[in-house]
Amino acid sequence: MRDPKVNEHRTRAGSEHELGPHLKTLFRLGLLALSFCVSLLPVKADAETHVLMIRGSGGEPAYDQLFSKWVSQLSEQLRPIADSIVTLSPDLEIASTRESILAAFTKYEALGGKDIFFLLLIGHGSYDQSRYRFNIPGPDITAGELSAALAKIPAQVVVVNGTSCSGASLPLLSGKNRVVITATRSGRESNPPRFLEFLIDGLDGRADTDKNGSVSLLELFQHARRKTAQWYQSQNRLASEHALLDDTGIGKGNEDPAPGSADGAFAASLIIVRSESHFATTSKELLERKQELEAAIEKLRFQKSTLGEDDYQRQLEALVLELARINKQIAEESPR
Amino acid sequence: MRHRVRIISCLLLATGCSGLAQSLSNGMKAWDRGDYQTAESALAQLSRRDPAARLAYARVLREIGKYSEAEAVARVSGNDPRMVVELSHALRLQGKYEEAESVVTASLLPTGRLAYAELLRRRGQIAKAREVYQAVVQGSHKDWESALAAAQSLQRLEDFHRANSAFQDLLDQYPDSIEIRLAWADLFLEKYNAAEAMGLYEEVLKKNSRHPLALVGMARCISDSADPRGREVLERALETNQKFPAVFQILARHLIEEEQYEAAAKELDAAEKIDPRNLETWSLRAAIAYFSRRDFKTFFDQIASVNSHYGEAWLQLGELCASQRRFEEAIGFFNKAIGLYPGLWRAHAALGINLLRLGAYQEGKEALERSYRGDPFHVWTVNTLRLLDSFKYYQDSQTAHFRVRIQKKEEVLRDLAEDLLERSYQALTERYHFSPPFITNVEFYPNHEDFAVRTLGVPGLGALGATFGKVVALDSPLARKKGEYNWASTLWHEVAHIFALSLSDMKVPRWLTEGLSTYEEQLARPGWGRKMDPVFVAAANKGQLLPLKELSTGFLRPKYPEQILVSYTHGSLVCRYLAEQYGWEKLRELLRAFRDKNEVEAFQSIYGKSLEQLDMEFQAYLKPRLAQVAAQLDISSTTEYMKRVREAEGYFKSGEWAKAAESYRQAASVEPEPRYPVNVFLRLGEAEENLGNAEAAAEAFLQAGQLSETGEEAYRRAFDLAMKRNRQDVAAAAYENLVFLYPADADLHLAMGEAWLRWNRPEQAVAPLKRVTEIPNGDTAQAYYLLGRAYWNAGKLDLARKAVLAALDIAPAFEKAQQLLLQITESRK
């Protein structure tokens, strides 16, 4: 493995089938809100994914070490899906100064509308009651400056700001065709957050709550949010961070987004991790029947409160059993 | 008080007596700053010539406890209305109540009417007293003393908000007044606001650090806590006023709470010398007689002959019974208090709280609601009613011997707690040859402050659990930081209390029940229960271990911060000694003996020895054991153990793992509990791990965990290594102990469940997997799927189908679960 600290520009090599034996990591835009339907969408060969990871100043050795570890882990986890990963860090050749950050943004101005630009901010942030600043060597960079730089990138954008006070950056970073995730809900939450640690934890597939073999950005966010809350509970401490997600562009984050709520639909359609089995191709007939069954199950689940428990269980069992048989057939018919 | 000085001085200046005025001013200033000697001497001289000085002189004498002298000065003044009131006060303080009343009966001054009403109140003439208070309120208030009397009357009429405003207005008007501050503080104290009261007393003490009333007020503010400052301020009050009955009464009450009845009686002797007819003193006499199993009714008859509505005496006895966990008796006394005076709202509150302690939730709540209607200021009532409202978020379940109340979000605790409760019940029933004849209510509180309210009525309690006889309340695991609290050992400790309390009819001394419970913990599992540690060794070396007959005070009124913890260890060691030396049977008999004998008699009858003799024997038993632990704490010790530990530490630091492991093993072979200066097994585990001996490391980590109640790190490492090396026994033991520290760890249960499946032990996999499904935000779909597999492997097809369907209900696209359901369905055809 290459040293993830080194700034790297890398083009994707090989197809998804060449990835690891168990889980493959992808980053693709799906068109349907229902994640189990998304898994059937063909991969679009013309869309690209580019990651810009910026590590700020640690301030003290313990944080420098922690932030570098997170950068390393994220590089490793995102490597398979990214057409390129650029890392700016105080300890690298291209340090994360204001000038180099703004210069790095300009390289993504040529991306297409279907491409994905993924911006990760790792480090400390601060808030002076009016402006959010990302703490970097030299003069800090403000949310307004980051927003202006993002505005020139025509791709779909995902911003994960894992810094303290990051909630204050959300209104400025928010925009159309963007998912913005912040580790805190406001500029007042100024303790170093642990959110990124649990976000990374979910990238190995653990965040796959609905067990469809894929992890959407929404699932990943929810996983990290839950784990963060559990950590504070286990320490018997009041939580000093509450992550937000905004994917509607209104500049207001949501602590518990879901496809049915104001936020979450766009994030649910972005698949971050997908297991290999989902790449199998199969007959159109079987796929259509599968989709019908999945839709029927979803409909049944919405009717649960109106049905008796036994009736619901019986209907669910019948539908799931048929789905199981279809999936078995698909697996048998799929090329190995 | 400066305003009073100014008024008097002006009068004197107006009459041309400038020298006299100066002397009076000096005397008053000396009084204000607490220089009583100077004040007394200056005012004594002036009092012969000036009535104002005479009044001040009488008041100074009263303040420093020279009541008969004050009486004499007041009598000289003939019919001066203010001196008449002063005379009444001086007489009252000497217990000459009839005369005190007769001299102010006709007083027209508001202060005189107030004094009269107070004397009527003492005699239980409540209605008549209220009329007089009312008249004081409605009368004219030309000076500050009249206005103050009106404010105090409002307080007596239970018009607390108006009284509060009146005190506030008065202090705004006379910002230097000591009297207004003291009266206002009394209102706050009556309404349970010790913080505000204390603030006012502190303001007084800043002006006059020796003011006896302020000092006693401070003591009242802190008398409910185990704060040693209480005693200190009382002693300071006595330095100024040696005839302050309240000082002796407060001290007596503390001593009764500590079960030191003889010493308490001596304090009351002192109080009676000053005022032989004090109702409060008689109430405390009654309590001493009651706890000493002597005739106590005589005292109540005596009280009734003066005041047939004096419910406070029964209330006090009830409170003292409750402090000794004798809740049923306490309830009877609270009812008597209410019967005598239905408006005694504190008695309603105490009744409600103690009914709740016996698990009578509905009756308890009703009593608290009555209390709240009459006295909405009672903090304990308000807090407890709020807690009762929160019970809607809890769920109850019942086992053979317990009713278990757990908050719904902590459902994962239920089967673990129920199982442990029944196991502890069975083990303790066998040991004590006794089964408590009732169902015990066990309440787990995920918020420590709720537990504190349930126990003390207010937040801020340091304990983890409490037993009231038929109710156990304790912190749930969520109330504490992960890994720092062993809920299971706490629960075992509390269940042991139920046995000791029931067997002794709730009369076991505090130190003995705590000692037994800690000893029972130690017997239940390795690592449980407090043992000799550096804190205990240091206390023993400093001679801070209390004699047996005073050991209960180490729990009730600790004199240094660690004394409670030291006392737990101390008590458990005494119990261990008694069990080892005289046999367990005797301890059982001892508990029964408390039913009709006091502590001294019970020990004498069972062991044929006094507490002092047993204490001496115990000291001899303790000495070598203490030395053994002390040697572990002394790095330079020449014991074989310490030599090996020093050697091992050297090897460890230089990375010579094999040699280090060998030396640690040798150290552990000569010391059964090698806890100091390092946890030897933890080090051994690390050395073995570095050597690549994962199994040996896992075993060592498990042993390391068992050296304390909270060995989370050691158990975690044992668990992880045992998982890798498929050591089922070590993994299961480590898992159980980790669950005792924090059952809400979904990842831990999932890992254990998966492991049991991997080891083809599906029956064992069920419990941990079910626990995952009970934890909010756990990986429920995966847990149900694995649960389905466990049932499937165990041949329980119906349960397997239900579990898999539950997984698919959460995650319909879960292909593994789909395929398992298919398998189950096809196998049933």
# chains A, B, ... in the order shown; residues from 1 in each chain; ligands from 1
call {"tool": "interface_residues", "arguments": {"of": "chain B", "to": "chain A", "cutoff": "10 Å", "atoms": "only C-alpha atoms", "output": "number ranges by chain"}}
result
B: 446-447, 477-484, 742, 744-745, 776-782, 801-802, 804-823, 825
call {"tool": "closest_atom_pairs", "arguments": {"of": "stretch 215-236 of chain A", "to": "stretch 148-164 of chain A", "cutoff": "12 Å", "atoms": "only C-alpha atoms", "output": "CSV"}}
result
residue,atom,partner,partner_atom,distance
A:Leu217,CA,A:Val158,CA,9.4
A:Leu218,CA,A:Val158,CA,11.6
A:Leu220,CA,A:Val160,CA,11.6
A:Phe221,CA,A:Val160,CA,9.9
A:Ala224,CA,A:Gly162,CA,11.2
A:Arg225,CA,A:Gly162,CA,11.9
call {"tool": "write_last_selection", "arguments": {"atoms": "C-alpha atoms", "output": "compact mmCIF listing (two decimals), in the first residue's frame"}}
result
# COMPACT_ATOMS: atom_id res chain seq x y z
CA LEU A 217 -24.26 7.87 2.05
CA LEU A 218 -27.40 8.18 4.17
CA LEU A 220 -23.17 5.84 6.47
CA PHE A 221 -24.26 9.12 8.04
CA ALA A 224 -21.78 7.41 12.34
CA ARG A 225 -24.44 9.49 14.07
call {"tool": "residues_around", "arguments": {"residues": "stretch 48-64 of chain A", "least_positions_apart": "4", "cutoff": "8 Å", "atoms": "only C-alpha atoms", "output": "mmCIF file with all heavy atoms, in the first residue's frame"}}
result
data_model
loop_
_atom_site.group_PDB
_atom_site.id
_atom_site.type_symbol
_atom_site.label_atom_id
_atom_site.label_comp_id
_atom_site.auth_asym_id
_atom_site.auth_seq_id
_atom_site.Cartn_x
_atom_site.Cartn_y
_atom_site.Cartn_z
ATOM 1 N N PHE A 27 -18.735 4.390 -5.585
ATOM 2 C CA PHE A 27 -19.336 5.681 -5.315
ATOM 3 C C PHE A 27 -20.097 6.075 -6.556
ATOM 4 O O PHE A 27 -19.524 6.510 -7.532
ATOM 5 C CB PHE A 27 -18.253 6.710 -4.994
ATOM 6 C CG PHE A 27 -18.846 7.922 -4.339
ATOM 7 C CD1 PHE A 27 -18.952 7.995 -2.974
ATOM 8 C CD2 PHE A 27 -19.327 8.954 -5.120
ATOM 9 C CE1 PHE A 27 -19.518 9.103 -2.391
ATOM 10 C CE2 PHE A 27 -19.884 10.055 -4.532
ATOM 11 C CZ PHE A 27 -19.986 10.137 -3.153
ATOM 12 N N ARG A 28 -21.326 5.809 -6.539
ATOM 13 C CA ARG A 28 -22.113 6.022 -7.742
ATOM 14 C C ARG A 28 -23.442 6.681 -7.419
ATOM 15 O O ARG A 28 -24.023 6.454 -6.360
ATOM 16 C CB ARG A 28 -22.390 4.670 -8.427
ATOM 17 C CG ARG A 28 -21.210 4.175 -9.246
ATOM 18 C CD ARG A 28 -21.037 5.074 -10.468
ATOM 19 N NE ARG A 28 -19.858 4.727 -11.194
ATOM 20 C CZ ARG A 28 -18.672 5.296 -11.030
ATOM 21 N NH1 ARG A 28 -18.530 6.217 -10.115
ATOM 22 N NH2 ARG A 28 -17.644 4.953 -11.751
ATOM 23 N N SER A 68 -4.033 12.404 11.059
ATOM 24 C CA SER A 68 -3.277 11.681 10.028
ATOM 25 C C SER A 68 -3.785 10.256 9.896
ATOM 26 O O SER A 68 -3.875 9.709 8.795
ATOM 27 C CB SER A 68 -1.784 11.651 10.379
ATOM 28 O OG SER A 68 -1.253 12.939 10.240
ATOM 29 N N VAL A 71 -6.944 10.355 7.903
ATOM 30 C CA VAL A 71 -6.635 10.587 6.478
ATOM 31 C C VAL A 71 -6.204 9.276 5.844
ATOM 32 O O VAL A 71 -6.642 8.894 4.749
ATOM 33 C CB VAL A 71 -5.538 11.665 6.337
ATOM 34 C CG1 VAL A 71 -4.973 11.685 4.927
ATOM 35 C CG2 VAL A 71 -6.102 13.041 6.691
ATOM 36 N N ILE A 81 -12.917 3.422 -5.114
ATOM 37 C CA ILE A 81 -14.029 4.069 -5.834
ATOM 38 C C ILE A 81 -13.608 5.341 -6.538
ATOM 39 O O ILE A 81 -14.327 5.868 -7.375
ATOM 40 C CB ILE A 81 -15.184 4.431 -4.881
ATOM 41 C CG1 ILE A 81 -14.705 5.457 -3.841
ATOM 42 C CG2 ILE A 81 -15.783 3.224 -4.239
ATOM 43 C CD1 ILE A 81 -15.751 6.462 -3.500
ATOM 44 N N ALA A 82 -12.474 5.855 -6.171
ATOM 45 C CA ALA A 82 -12.136 7.192 -6.647
ATOM 46 C C ALA A 82 -11.312 7.152 -7.923
ATOM 47 O O ALA A 82 -10.415 6.330 -8.062
ATOM 48 C CB ALA A 82 -11.382 7.934 -5.564
ATOM 49 N N ASP A 83 -11.651 8.035 -8.831
ATOM 50 C CA ASP A 83 -10.796 8.208 -10.008
ATOM 51 C C ASP A 83 -9.545 8.967 -9.612
ATOM 52 O O ASP A 83 -8.510 8.813 -10.246
ATOM 53 C CB ASP A 83 -11.577 8.951 -11.087
ATOM 54 C CG ASP A 83 -12.727 8.109 -11.596
ATOM 55 O OD1 ASP A 83 -13.812 8.148 -10.964
ATOM 56 O OD2 ASP A 83 -12.534 7.361 -12.560
ATOM 57 N N SER A 84 -9.689 9.800 -8.594
ATOM 58 C CA SER A 84 -8.494 10.466 -8.076
ATOM 59 C C SER A 84 -8.721 10.836 -6.627
ATOM 60 O O SER A 84 -9.854 11.078 -6.208
ATOM 61 C CB SER A 84 -8.186 11.730 -8.879
ATOM 62 O OG SER A 84 -9.067 12.767 -8.505
ATOM 63 N N ILE A 85 -7.631 10.809 -5.866
ATOM 64 C CA ILE A 85 -7.693 11.316 -4.485
ATOM 65 C C ILE A 85 -6.546 12.303 -4.320
ATOM 66 O O ILE A 85 -5.387 11.956 -4.573
ATOM 67 C CB ILE A 85 -7.536 10.190 -3.446
ATOM 68 C CG1 ILE A 85 -8.671 9.169 -3.553
ATOM 69 C CG2 ILE A 85 -7.491 10.770 -2.034
ATOM 70 C CD1 ILE A 85 -8.575 8.005 -2.596
ATOM 71 N N VAL A 86 -6.877 13.504 -3.923
ATOM 72 C CA VAL A 86 -5.837 14.495 -3.640
ATOM 73 C C VAL A 86 -5.882 14.794 -2.144
ATOM 74 O O VAL A 86 -6.948 15.044 -1.590
ATOM 75 C CB VAL A 86 -6.081 15.790 -4.448
ATOM 76 C CG1 VAL A 86 -5.117 16.889 -4.007
ATOM 77 C CG2 VAL A 86 -5.922 15.518 -5.929
ATOM 78 N N THR A 87 -4.731 14.692 -1.527
ATOM 79 C CA THR A 87 -4.669 14.980 -0.088
ATOM 80 C C THR A 87 -3.764 16.173 0.165
ATOM 81 O O THR A 87 -2.624 16.205 -0.296
ATOM 82 C CB THR A 87 -4.124 13.762 0.684
ATOM 83 O OG1 THR A 87 -4.911 12.627 0.346
ATOM 84 C CG2 THR A 87 -4.187 13.990 2.179
ATOM 85 N N LEU A 88 -4.288 17.156 0.867
ATOM 86 C CA LEU A 88 -3.481 18.291 1.315
ATOM 87 C C LEU A 88 -3.375 18.210 2.826
ATOM 88 O O LEU A 88 -4.387 18.037 3.504
ATOM 89 C CB LEU A 88 -4.131 19.620 0.926
ATOM 90 C CG LEU A 88 -4.510 19.807 -0.543
ATOM 91 C CD1 LEU A 88 -5.166 21.178 -0.741
ATOM 92 C CD2 LEU A 88 -3.293 19.677 -1.442
ATOM 93 N N SER A 89 -2.150 18.295 3.298
ATOM 94 C CA SER A 89 -1.956 18.126 4.741
ATOM 95 C C SER A 89 -0.734 18.927 5.170
ATOM 96 O O SER A 89 0.210 19.083 4.381
ATOM 97 C CB SER A 89 -1.770 16.632 5.024
ATOM 98 O OG SER A 89 -1.465 16.431 6.368
ATOM 99 N N PRO A 90 -0.728 19.418 6.409
ATOM 100 C CA PRO A 90 0.419 20.237 6.843
ATOM 101 C C PRO A 90 1.746 19.485 6.726
ATOM 102 O O PRO A 90 2.791 20.103 6.570
ATOM 103 C CB PRO A 90 0.116 20.531 8.318
ATOM 104 C CG PRO A 90 -1.340 20.334 8.466
ATOM 105 C CD PRO A 90 -1.738 19.306 7.458
ATOM 106 N N SER A 96 -1.502 22.106 3.396
ATOM 107 C CA SER A 96 -2.891 22.568 3.293
ATOM 108 C C SER A 96 -3.001 24.049 3.646
ATOM 109 O O SER A 96 -3.731 24.429 4.559
ATOM 110 C CB SER A 96 -3.784 21.719 4.211
ATOM 111 O OG SER A 96 -3.203 21.592 5.488
ATOM 112 N N ILE A 101 -5.020 25.191 -1.166
ATOM 113 C CA ILE A 101 -6.397 24.660 -1.178
ATOM 114 C C ILE A 101 -7.175 25.279 -2.330
ATOM 115 O O ILE A 101 -7.803 24.583 -3.131
ATOM 116 C CB ILE A 101 -7.111 24.955 0.172
ATOM 117 C CG1 ILE A 101 -6.489 24.112 1.285
ATOM 118 C CG2 ILE A 101 -8.610 24.676 0.064
ATOM 119 C CD1 ILE A 101 -6.953 24.492 2.679
ATOM 120 N N LYS A 114 -22.478 14.984 -14.161
ATOM 121 C CA LYS A 114 -22.800 13.686 -13.557
ATOM 122 C C LYS A 114 -21.678 13.191 -12.658
ATOM 123 O O LYS A 114 -21.824 12.189 -11.965
ATOM 124 C CB LYS A 114 -23.062 12.648 -14.655
ATOM 125 C CG LYS A 114 -24.360 12.894 -15.384
ATOM 126 C CD LYS A 114 -24.540 11.896 -16.517
ATOM 127 C CE LYS A 114 -25.815 12.221 -17.294
ATOM 128 N NZ LYS A 114 -25.905 11.365 -18.486
ATOM 129 N N ASP A 115 -20.535 13.863 -12.736
ATOM 130 C CA ASP A 115 -19.401 13.452 -11.901
ATOM 131 C C ASP A 115 -19.671 13.804 -10.444
ATOM 132 O O ASP A 115 -20.538 14.623 -10.134
ATOM 133 C CB ASP A 115 -18.115 14.166 -12.356
ATOM 134 C CG ASP A 115 -17.695 13.700 -13.745
ATOM 135 O OD1 ASP A 115 -17.998 12.540 -14.094
ATOM 136 O OD2 ASP A 115 -17.085 14.511 -14.474
ATOM 137 N N ILE A 116 -18.894 13.153 -9.585
ATOM 138 C CA ILE A 116 -19.027 13.417 -8.147
ATOM 139 C C ILE A 116 -17.726 14.025 -7.645
ATOM 140 O O ILE A 116 -16.648 13.484 -7.916
ATOM 141 C CB ILE A 116 -19.253 12.113 -7.351
ATOM 142 C CG1 ILE A 116 -20.384 11.288 -7.922
ATOM 143 C CG2 ILE A 116 -19.475 12.435 -5.865
ATOM 144 C CD1 ILE A 116 -21.740 11.635 -7.466
ATOM 145 N N PHE A 117 -17.874 15.122 -6.929
ATOM 146 C CA PHE A 117 -16.706 15.719 -6.268
ATOM 147 C C PHE A 117 -16.916 15.584 -4.765
ATOM 148 O O PHE A 117 -17.935 16.029 -4.216
ATOM 149 C CB PHE A 117 -16.561 17.190 -6.664
ATOM 150 C CG PHE A 117 -15.476 17.883 -5.892
ATOM 151 C CD1 PHE A 117 -14.136 17.502 -6.031
ATOM 152 C CD2 PHE A 117 -15.778 18.920 -5.006
ATOM 153 C CE1 PHE A 117 -13.128 18.142 -5.317
ATOM 154 C CE2 PHE A 117 -14.777 19.552 -4.283
ATOM 155 C CZ PHE A 117 -13.446 19.161 -4.433
ATOM 156 N N PHE A 118 -15.958 14.954 -4.145
ATOM 157 C CA PHE A 118 -16.080 14.608 -2.727
ATOM 158 C C PHE A 118 -15.043 15.423 -1.948
ATOM 159 O O PHE A 118 -13.851 15.252 -2.141
ATOM 160 C CB PHE A 118 -15.784 13.102 -2.617
ATOM 161 C CG PHE A 118 -16.282 12.447 -1.367
ATOM 162 C CD1 PHE A 118 -16.277 11.061 -1.277
ATOM 163 C CD2 PHE A 118 -16.750 13.166 -0.287
ATOM 164 C CE1 PHE A 118 -16.716 10.414 -0.139
ATOM 165 C CE2 PHE A 118 -17.199 12.537 0.856
ATOM 166 C CZ PHE A 118 -17.188 11.151 0.932
ATOM 167 N N LEU A 119 -15.499 16.333 -1.098
ATOM 168 C CA LEU A 119 -14.594 17.173 -0.298
ATOM 169 C C LEU A 119 -14.663 16.760 1.169
ATOM 170 O O LEU A 119 -15.734 16.719 1.770
ATOM 171 C CB LEU A 119 -15.007 18.650 -0.413
ATOM 172 C CG LEU A 119 -14.254 19.640 0.504
ATOM 173 C CD1 LEU A 119 -12.767 19.719 0.139
ATOM 174 C CD2 LEU A 119 -14.895 21.027 0.443
ATOM 175 N N LEU A 120 -13.501 16.427 1.714
ATOM 176 C CA LEU A 120 -13.434 16.016 3.132
ATOM 177 C C LEU A 120 -12.575 16.989 3.909
ATOM 178 O O LEU A 120 -11.424 17.237 3.516
ATOM 179 C CB LEU A 120 -12.780 14.633 3.223
ATOM 180 C CG LEU A 120 -13.672 13.436 2.995
ATOM 181 C CD1 LEU A 120 -12.835 12.248 2.575
ATOM 182 C CD2 LEU A 120 -14.418 13.106 4.276
ATOM 183 N N LEU A 121 -13.107 17.527 4.988
ATOM 184 C CA LEU A 121 -12.329 18.435 5.838
ATOM 185 C C LEU A 121 -12.059 17.743 7.162
ATOM 186 O O LEU A 121 -13.000 17.363 7.883
ATOM 187 C CB LEU A 121 -13.093 19.741 6.078
ATOM 188 C CG LEU A 121 -13.481 20.524 4.822
ATOM 189 C CD1 LEU A 121 -14.271 21.781 5.203
ATOM 190 C CD2 LEU A 121 -12.253 20.913 3.998
ATOM 191 N N ILE A 122 -10.778 17.579 7.482
ATOM 192 C CA ILE A 122 -10.385 16.849 8.697
ATOM 193 C C ILE A 122 -9.508 17.764 9.537
ATOM 194 O O ILE A 122 -8.475 18.246 9.049
ATOM 195 C CB ILE A 122 -9.593 15.580 8.313
ATOM 196 C CG1 ILE A 122 -10.469 14.691 7.421
ATOM 197 C CG2 ILE A 122 -9.106 14.826 9.548
ATOM 198 C CD1 ILE A 122 -9.690 13.871 6.449
ATOM 199 N N GLY A 123 -9.904 17.999 10.768
ATOM 200 C CA GLY A 123 -9.087 18.864 11.628
ATOM 201 C C GLY A 123 -9.947 19.655 12.583
ATOM 202 O O GLY A 123 -11.014 19.198 13.000
ATOM 203 N N HIS A 124 -9.485 20.839 12.932
ATOM 204 C CA HIS A 124 -10.238 21.703 13.842
ATOM 205 C C HIS A 124 -10.891 22.846 13.068
ATOM 206 O O HIS A 124 -10.298 23.358 12.116
ATOM 207 C CB HIS A 124 -9.303 22.353 14.879
ATOM 208 C CG HIS A 124 -8.584 21.374 15.752
ATOM 209 N ND1 HIS A 124 -9.231 20.503 16.588
ATOM 210 C CD2 HIS A 124 -7.249 21.136 15.912
ATOM 211 C CE1 HIS A 124 -8.330 19.774 17.224
ATOM 212 N NE2 HIS A 124 -7.124 20.131 16.837
ATOM 213 N N PHE A 134 -11.828 27.083 8.927
ATOM 214 C CA PHE A 134 -11.149 25.788 8.984
ATOM 215 C C PHE A 134 -9.685 26.081 9.307
ATOM 216 O O PHE A 134 -9.025 26.866 8.600
ATOM 217 C CB PHE A 134 -11.295 25.092 7.618
ATOM 218 C CG PHE A 134 -10.615 23.752 7.523
ATOM 219 C CD1 PHE A 134 -10.692 22.822 8.562
ATOM 220 C CD2 PHE A 134 -9.924 23.395 6.369
ATOM 221 C CE1 PHE A 134 -10.080 21.581 8.464
ATOM 222 C CE2 PHE A 134 -9.308 22.162 6.260
ATOM 223 C CZ PHE A 134 -9.385 21.253 7.316
ATOM 224 N N ASN A 135 -9.192 25.497 10.400
ATOM 225 C CA ASN A 135 -7.860 25.850 10.903
ATOM 226 C C ASN A 135 -6.766 25.124 10.119
ATOM 227 O O ASN A 135 -6.647 23.890 10.182
ATOM 228 C CB ASN A 135 -7.735 25.517 12.397
ATOM 229 C CG ASN A 135 -8.813 26.200 13.232
ATOM 230 O OD1 ASN A 135 -9.144 25.753 14.317
ATOM 231 N ND2 ASN A 135 -9.408 27.281 12.718
ATOM 232 N N ILE A 136 -5.980 25.891 9.408
ATOM 233 C CA ILE A 136 -4.920 25.336 8.551
ATOM 234 C C ILE A 136 -3.628 26.115 8.807
ATOM 235 O O ILE A 136 -3.668 27.174 9.438
ATOM 236 C CB ILE A 136 -5.317 25.459 7.049
ATOM 237 C CG1 ILE A 136 -5.818 26.888 6.765
ATOM 238 C CG2 ILE A 136 -6.354 24.421 6.672
ATOM 239 C CD1 ILE A 136 -6.105 27.157 5.320
ATOM 240 N N PRO A 137 -2.502 25.624 8.335
ATOM 241 C CA PRO A 137 -1.273 26.412 8.505
ATOM 242 C C PRO A 137 -1.418 27.769 7.808
ATOM 243 O O PRO A 137 -1.988 27.850 6.719
ATOM 244 C CB PRO A 137 -0.207 25.552 7.814
ATOM 245 C CG PRO A 137 -0.782 24.175 7.775
ATOM 246 C CD PRO A 137 -2.256 24.338 7.670
#
call {"tool": "atom_distance", "arguments": {"atom1": "atom CA of A:Ser147", "atom2": "atom CA of A:Gln73"}}
result
26.1 Å
call {"tool": "select_by_dssp", "arguments": {"residues": "stretch 359-458 of chain B", "states": "strand (DSSP E)", "output": "list in words"}}
result
Tyr394, Gln395, Asp396, Ser397, Gln398, Phe402, Arg403, Val404, Arg405, Ile406, Gln407, Thr440, Asn441, Val442, Glu443, Phe444 and Tyr445 of chain B
call {"tool": "write_last_selection", "arguments": {"atoms": "C-alpha atoms", "output": "tab-separated table (two decimals), in the first residue's frame"}}
result
chain	number	residue	atom	x	y	z
B	394	TYR	CA	-40.39	2.21	32.82
B	395	GLN	CA	-41.51	-1.37	32.39
B	396	ASP	CA	-42.14	-3.83	35.22
B	397	SER	CA	-41.65	-7.57	35.24
B	398	GLN	CA	-41.83	-10.16	37.97
B	402	PHE	CA	-38.62	-9.80	42.70
B	403	ARG	CA	-40.55	-7.17	40.81
B	404	VAL	CA	-38.10	-5.46	38.45
B	405	ARG	CA	-38.55	-1.92	37.15
B	406	ILE	CA	-36.31	-0.92	34.26
B	407	GLN	CA	-36.56	2.00	31.86
B	440	THR	CA	-38.86	-7.14	46.68
B	441	ASN	CA	-39.19	-4.24	44.27
B	442	VAL	CA	-35.97	-3.56	42.39
B	443	GLU	CA	-35.70	-0.25	40.54
B	444	PHE	CA	-32.90	0.58	38.11
B	445	TYR	CA	-32.32	4.26	37.37
call {"tool": "residues_around", "arguments": {"residues": "stretch 498-509 of chain B", "least_positions_apart": "3", "cutoff": "6 Å", "atoms": "only C-alpha atoms", "output": "MDAnalysis selection string"}}
result
chainID B and resid 326 469 495 512 591:592 594:595
call {"tool": "residues_around", "arguments": {"residues": "stretch 327-331 of chain B", "least_positions_apart": "6", "cutoff": "8 Å", "atoms": "only C-alpha atoms", "output": "list in words"}}
result
Leu317, Gly318, Glu319, Leu320, Cys321, Leu351, Asn354, Leu355, Arg357, Leu358, Phe468 and Gly469 of chain B
call {"tool": "residues_around", "arguments": {"residues": "stretch 233-250 of chain B", "least_positions_apart": "5", "cutoff": "9 Å", "atoms": "only C-alpha atoms", "output": "ChimeraX atom specification"}}
result
/B:36,62-67,93,210-216,218-220,223,255,264,266-275,278,280-281,284
call {"tool": "residues_around", "arguments": {"residues": "B:Arg54", "least_positions_apart": "5", "cutoff": "9 Å", "atoms": "only C-alpha atoms", "output": "MDAnalysis selection string"}}
result
chainID B and resid 43:44 46:49 59 73:74 77 83
call {"tool": "atom_distance", "arguments": {"atom1": "atom CA of B:Tyr393", "atom2": "atom CA of B:Val453"}}
result
16.6 Å
